[in-house]
Protein chains: 4
Amino acid sequence: MAFTWPLRVYIEDTDAGGIVYYANYFRFMERARSEWLRALGYGQEQLRHQNVIFVVREVQAKYLSPARLDDELLVSVAVEQSRKASLLLSQKVWRKPAEERPDAAGPQDYLAEALITIACITQTGRPQAVPAEILKRMTAGAAYPSEPNDESQEPL
Amino acid sequence: MAFTWPLRVYIEDTDAGGIVYYANYFRFMERARSEWLRALGYGQEQLRHQNVIFVVREVQAKYLSPARLDDELLVSVAVEQSRKASLLLSQKVWRKPAEERPDAAGPQDYLAEALITIACITQTGRPQAVPAEILKRMTAGAAYPSEPNDESQEPL
Amino acid sequence: MAFTWPLRVYIEDTDAGGIVYYANYFRFMERARSEWLRALGYGQEQLRHQNVIFVVREVQAKYLSPARLDDELLVSVAVEQSRKASLLLSQKVWRKPAEERPDAAGPQDYLAEALITIACITQTGRPQAVPAEILKRMTAGAAYPSEPNDESQEPL
Amino acid sequence: MAFTWPLRVYIEDTDAGGIVYYANYFRFMERARSEWLRALGYGQEQLRHQNVIFVVREVQAKYLSPARLDDELLVSVAVEQSRKASLLLSQKVWRKPAEERPDAAGPQDYLAEALITIACITQTGRPQAVPAEILKRMTAGAAYPSEPNDESQEPL
C-alpha cells in the first residue's frame, strides 16, 4: 500500500542518449518523498522550523529500463524499516502504461528501484529520533488522499 | 486567455540562497510550453517524427520576486507574435496564493516574466514555417482542457 | 579584454536533442561569473559575510549554434555598463577549436551571447551600490591570472 | 593509484539547505568517469561510433559530510572489479584542504563514497564484453597525465 506520485518526463530530464539522465531519478524520488510528507500533513519548511530535518545518508538504486521524453512516470515511497534515528525507504519508478495499451504495465515499464536511508537530524546536525507522530503517520499508510493516486498501480 | 500550468518548487530547484536558482525558471517555462503543446494535441516526439522541431532562439527574462521551497507556482504561455518561421511567446511565472489568503495574489507573488523566441526547424536544421494547423490551434487559445487551469488566475 | 573561463560539456548538460539544454548556458555563464569574481579576489561566501550579495535581475540571450557532448567551451565575462546599484555584463560562449583545426574558431563555433543584469543587494534585500573597490577591480580588467585564459581567444 | 578529477562547487550545485544537492554527487562522479576515459584516450562520442556504450546499471552511495558553495572537490575513479560485460567502479569525493590548512584533509573532508556498476552495451542495447584494449588501459592505471592530478591526494 505505497504512496505513489505521478510525474512527466520533460526535455530537461533527458540526456544526449535520448533517455532520462541517471542522476535525475534521484530528483524524481525526492519529489515523491516530499509529496508523501505533504500528504501526511508535513511541509519541509514547517518541519525545519520545528527543528526536524530529514537528510539522505545512503542510496542504492538499480536501473532496469530507461525512461524517455514525454513518458508519464509513477514513483512510489514506502517505509521498509524504521530505525532509531533513521528510516529505510523503498522507492520504485515505473512508466504508466499508455492508454492505447490498457493492460497492466509490462516488465519493460518497470524502470528503477531504490533503497534510500533518511536520517532525522536537528538544525545543528545531531541525530534525533523521528518524532513519534510523524513515524506513526508514515507507517500507517493507506490514508493518502486518493486523487493523485487513483491512477497509479503497483508493479507486480 | 493564456494557457497556465501549475508546478511545485522542490529542493532540487533551489540554491544555497534559499530561493529558486535563476536558470531553473527556464526549465519551468519549458515544462509549461510542453504541456501547452500537449493540450493542443501535440507531443514533442510525435512532432519530431513529422519533421517539425521547435528550438529556442532567444530569451529575455526579468526576475521580479524569488520563489521558495514548497511554493506552488503557475506558469503561463501565450503567443505574443507569429512570424515567418518563428513565434514570440510571452511567459509569466507567479506564486499561487496560499489558501489562507484567498484574496488575489499580491505583487510579491508575481515572480518572473519572459519573452521566448521559438524557431521551427526541420531535422536537418533548416528553418520552416510553423505548420498552419499547429499555428491555428496555438493562436485560437481558449480551448484548453479546464482541469489543470481552473485553479489558475492571471496576474493583473 | 574579457575574462574567459574554460569548461567541458558532460552528459548531464545535454538533452534528448543531442545538444546542450538551453537553460544550462545560464549555469555555464554563472560559473564564469563566479570564477571572474574569484580571480578578482572575491569568494561569494565571503562577500555574503560582508553583506554584499549579487543577484540576477534580468537576462537576454541569443542561441546561435548548439554545443554538443565533449565540446570544450569558453565563456567570457565583461562589464558592459556600470549603474548605481547594478551592473550590465556581457557574456559570450564559444567552442574551443579542436586541435586538428588550429585555425581560429569559425562562425559555427560562436554559440551564444547574453546580457546579464546583476543587482547588488544587502542580506535584507535592499539595493546598494557596488562597493567601490569591487567595481574598480571589475572594470580594471587585464589583471587576470593568465593560466586558465592563455588558451582562450575572443571571437571576432 | 586512482584517477582523480578536481571540480568546484557552484551555486547551481547547492540547494536551500546550503549544501550540495544529493543527486548532484552523481553528476560529479560522472564527470570524473568521463575525464578518466578521456585520460585513457577515449571520448564518449568516439566510443559510441565504435558501437561501445557504457551505461550505469546500479549505484550505491554513502553521504558522509556535506559539500558547500565554493568548495573545491576531488573525485576519484578506480576499477574495483571487472566482470564479463560490466565493471564495478569505486568512486570517492572529498574536499581539497584549504591552503590555510596545509595539513592533510581531515575526516570532515571525506564527503562521499560510491560503488557504480557500469555495463557495456551495443547501440541496440545488447550487453557486450568491455573491449580488451579499453579494459587493459582502465586497469593499468598509473599512466594518467599528471597535470590535473598533481594537486590531488588520496584520503587515508
# chains A, B, ... in the order shown; residues from 1 in each chain; ligands from 1
>>> residues_around(residues="range 29-36 of chain C", least_positions_apart="2", cutoff="8 Å", atoms="only C-alpha atoms", output="count of residues only")
17
>>> interface_residues(of="chain A", to="chain D", cutoff="6 Å", atoms="only C-alpha atoms", output="PyMOL selection string")
chain A and resi 23+26+57-63
>>> residues_around(residues="Glu80 in chain B", least_positions_apart="4", cutoff="8 Å", atoms="only C-alpha atoms", output="list of chain:residue names")
B:Leu87, B:Leu88, B:Leu89, B:Ser90
>>> write_last_selection(atoms="all heavy atoms", output="mmCIF file, in the first residue's frame")
data_model
loop_
_atom_site.group_PDB
_atom_site.id
_atom_site.type_symbol
_atom_site.label_atom_id
_atom_site.label_comp_id
_atom_site.auth_asym_id
_atom_site.auth_seq_id
_atom_site.Cartn_x
_atom_site.Cartn_y
_atom_site.Cartn_z
ATOM 1 N N LEU B 87 8.038 31.993 -33.537
ATOM 2 C CA LEU B 87 6.965 32.527 -32.701
ATOM 3 C C LEU B 87 7.592 33.294 -31.552
ATOM 4 O O LEU B 87 8.603 32.851 -30.981
ATOM 5 C CB LEU B 87 6.158 31.376 -32.096
ATOM 6 C CG LEU B 87 5.320 30.533 -33.046
ATOM 7 C CD1 LEU B 87 4.897 29.250 -32.339
ATOM 8 C CD2 LEU B 87 4.098 31.327 -33.498
ATOM 9 N N LEU B 88 6.991 34.402 -31.189
ATOM 10 C CA LEU B 88 7.404 35.095 -29.971
ATOM 11 C C LEU B 88 6.364 34.768 -28.910
ATOM 12 O O LEU B 88 5.183 35.093 -29.060
ATOM 13 C CB LEU B 88 7.475 36.607 -30.217
ATOM 14 C CG LEU B 88 7.943 37.423 -29.011
ATOM 15 C CD1 LEU B 88 9.400 37.113 -28.687
ATOM 16 C CD2 LEU B 88 7.765 38.919 -29.277
ATOM 17 N N LEU B 89 6.812 34.086 -27.852
ATOM 18 C CA LEU B 89 5.897 33.688 -26.784
ATOM 19 C C LEU B 89 6.116 34.567 -25.556
ATOM 20 O O LEU B 89 7.253 34.938 -25.237
ATOM 21 C CB LEU B 89 6.150 32.223 -26.393
ATOM 22 C CG LEU B 89 6.029 31.192 -27.511
ATOM 23 C CD1 LEU B 89 6.359 29.803 -26.973
ATOM 24 C CD2 LEU B 89 4.633 31.209 -28.116
ATOM 25 N N SER B 90 5.035 34.867 -24.885
ATOM 26 C CA SER B 90 5.109 35.592 -23.623
ATOM 27 C C SER B 90 4.825 34.598 -22.506
ATOM 28 O O SER B 90 3.853 33.856 -22.565
ATOM 29 C CB SER B 90 4.055 36.703 -23.636
ATOM 30 O OG SER B 90 3.845 37.186 -22.335
#
>>> select_by_dssp(residues="chain A", states="alpha helix (DSSP H)", output="count of residues only")
31
>>> atom_distance(atom1="CA of Thr139 in chain A", atom2="CA of Val79 in chain A")
6.4 Å
>>> select_by_dssp(residues="range 95-140 of chain D", states="strand (DSSP E)", output="ChimeraX atom specification")
/D:95,110-121
>>> write_last_selection(atoms="all heavy atoms", output="short mmCIF file (atom, residue, chain, number, x, y, z; two decimals), in the first residue's frame")
data_model
loop_
_atom_site.label_atom_id
_atom_site.label_comp_id
_atom_site.auth_asym_id
_atom_site.auth_seq_id
_atom_site.Cartn_x
_atom_site.Cartn_y
_atom_site.Cartn_z
N ARG D 95 36.89 16.92 -0.06
CA ARG D 95 37.15 18.35 -0.16
C ARG D 95 38.65 18.57 -0.10
O ARG D 95 39.35 18.03 0.76
CB ARG D 95 36.48 19.08 1.00
CG ARG D 95 36.56 20.59 0.92
CD ARG D 95 36.00 21.22 2.17
NE ARG D 95 34.57 20.98 2.30
CZ ARG D 95 34.00 20.28 3.28
NH1 ARG D 95 34.72 19.73 4.24
NH2 ARG D 95 32.70 20.11 3.30
N TYR D 110 36.14 14.17 3.98
CA TYR D 110 35.83 12.97 3.20
C TYR D 110 34.30 12.93 3.06
O TYR D 110 33.59 12.63 4.02
CB TYR D 110 36.38 11.75 3.93
CG TYR D 110 36.29 10.48 3.14
CD1 TYR D 110 36.56 10.47 1.78
CD2 TYR D 110 35.93 9.29 3.75
CE1 TYR D 110 36.47 9.31 1.04
CE2 TYR D 110 35.84 8.12 3.03
CZ TYR D 110 36.10 8.14 1.67
OH TYR D 110 36.00 6.99 0.94
N LEU D 111 33.79 13.24 1.88
CA LEU D 111 32.38 13.61 1.74
C LEU D 111 31.46 12.49 1.30
O LEU D 111 30.34 12.38 1.78
CB LEU D 111 32.26 14.76 0.74
CG LEU D 111 33.15 15.98 1.01
CD1 LEU D 111 32.86 17.07 0.00
CD2 LEU D 111 32.97 16.50 2.42
N ALA D 112 31.93 11.66 0.39
CA ALA D 112 31.03 10.63 -0.13
C ALA D 112 31.84 9.51 -0.77
O ALA D 112 32.96 9.72 -1.23
CB ALA D 112 30.08 11.22 -1.16
N GLU D 113 31.26 8.32 -0.77
CA GLU D 113 31.89 7.19 -1.46
C GLU D 113 30.80 6.39 -2.14
O GLU D 113 29.67 6.31 -1.66
CB GLU D 113 32.69 6.33 -0.49
CG GLU D 113 31.89 5.77 0.65
CD GLU D 113 32.76 5.07 1.69
OE1 GLU D 113 33.99 5.28 1.67
OE2 GLU D 113 32.20 4.33 2.52
N ALA D 114 31.15 5.81 -3.28
CA ALA D 114 30.13 5.11 -4.06
C ALA D 114 30.71 3.91 -4.78
O ALA D 114 31.92 3.86 -5.07
CB ALA D 114 29.50 6.06 -5.07
N LEU D 115 29.85 2.95 -5.05
CA LEU D 115 30.16 1.85 -5.97
C LEU D 115 29.20 1.98 -7.15
O LEU D 115 27.99 2.05 -6.96
CB LEU D 115 29.96 0.49 -5.28
CG LEU D 115 30.99 0.15 -4.20
CD1 LEU D 115 30.59 -1.14 -3.47
CD2 LEU D 115 32.39 0.00 -4.82
N ILE D 116 29.77 2.02 -8.34
CA ILE D 116 28.97 2.24 -9.55
C ILE D 116 29.18 1.06 -10.49
O ILE D 116 30.31 0.74 -10.85
CB ILE D 116 29.42 3.53 -10.27
CG1 ILE D 116 29.54 4.72 -9.30
CG2 ILE D 116 28.52 3.84 -11.45
CD1 ILE D 116 28.24 5.34 -8.89
N THR D 117 28.09 0.41 -10.86
CA THR D 117 28.18 -0.67 -11.84
C THR D 117 27.88 -0.14 -13.24
O THR D 117 26.80 0.39 -13.49
CB THR D 117 27.18 -1.80 -11.52
OG1 THR D 117 27.40 -2.22 -10.16
CG2 THR D 117 27.37 -2.98 -12.46
N ILE D 118 28.88 -0.25 -14.10
CA ILE D 118 28.78 0.24 -15.47
C ILE D 118 28.69 -0.96 -16.41
O ILE D 118 29.57 -1.81 -16.39
CB ILE D 118 30.06 1.04 -15.84
CG1 ILE D 118 30.29 2.17 -14.85
CG2 ILE D 118 30.02 1.54 -17.26
CD1 ILE D 118 29.34 3.31 -15.02
N ALA D 119 27.64 -1.01 -17.22
CA ALA D 119 27.53 -2.09 -18.20
C ALA D 119 27.99 -1.60 -19.55
O ALA D 119 27.86 -0.42 -19.87
CB ALA D 119 26.09 -2.57 -18.29
N CYS D 120 28.56 -2.51 -20.33
CA CYS D 120 28.98 -2.18 -21.68
C CYS D 120 27.95 -2.76 -22.64
O CYS D 120 27.68 -3.97 -22.61
CB CYS D 120 30.37 -2.76 -21.95
SG CYS D 120 31.07 -2.22 -23.52
N ILE D 121 27.33 -1.92 -23.46
CA ILE D 121 26.30 -2.39 -24.37
C ILE D 121 26.57 -1.90 -25.79
O ILE D 121 27.38 -1.00 -26.00
CB ILE D 121 24.88 -1.94 -23.94
CG1 ILE D 121 24.78 -0.40 -23.94
CG2 ILE D 121 24.50 -2.48 -22.58
CD1 ILE D 121 23.38 0.13 -23.73
#
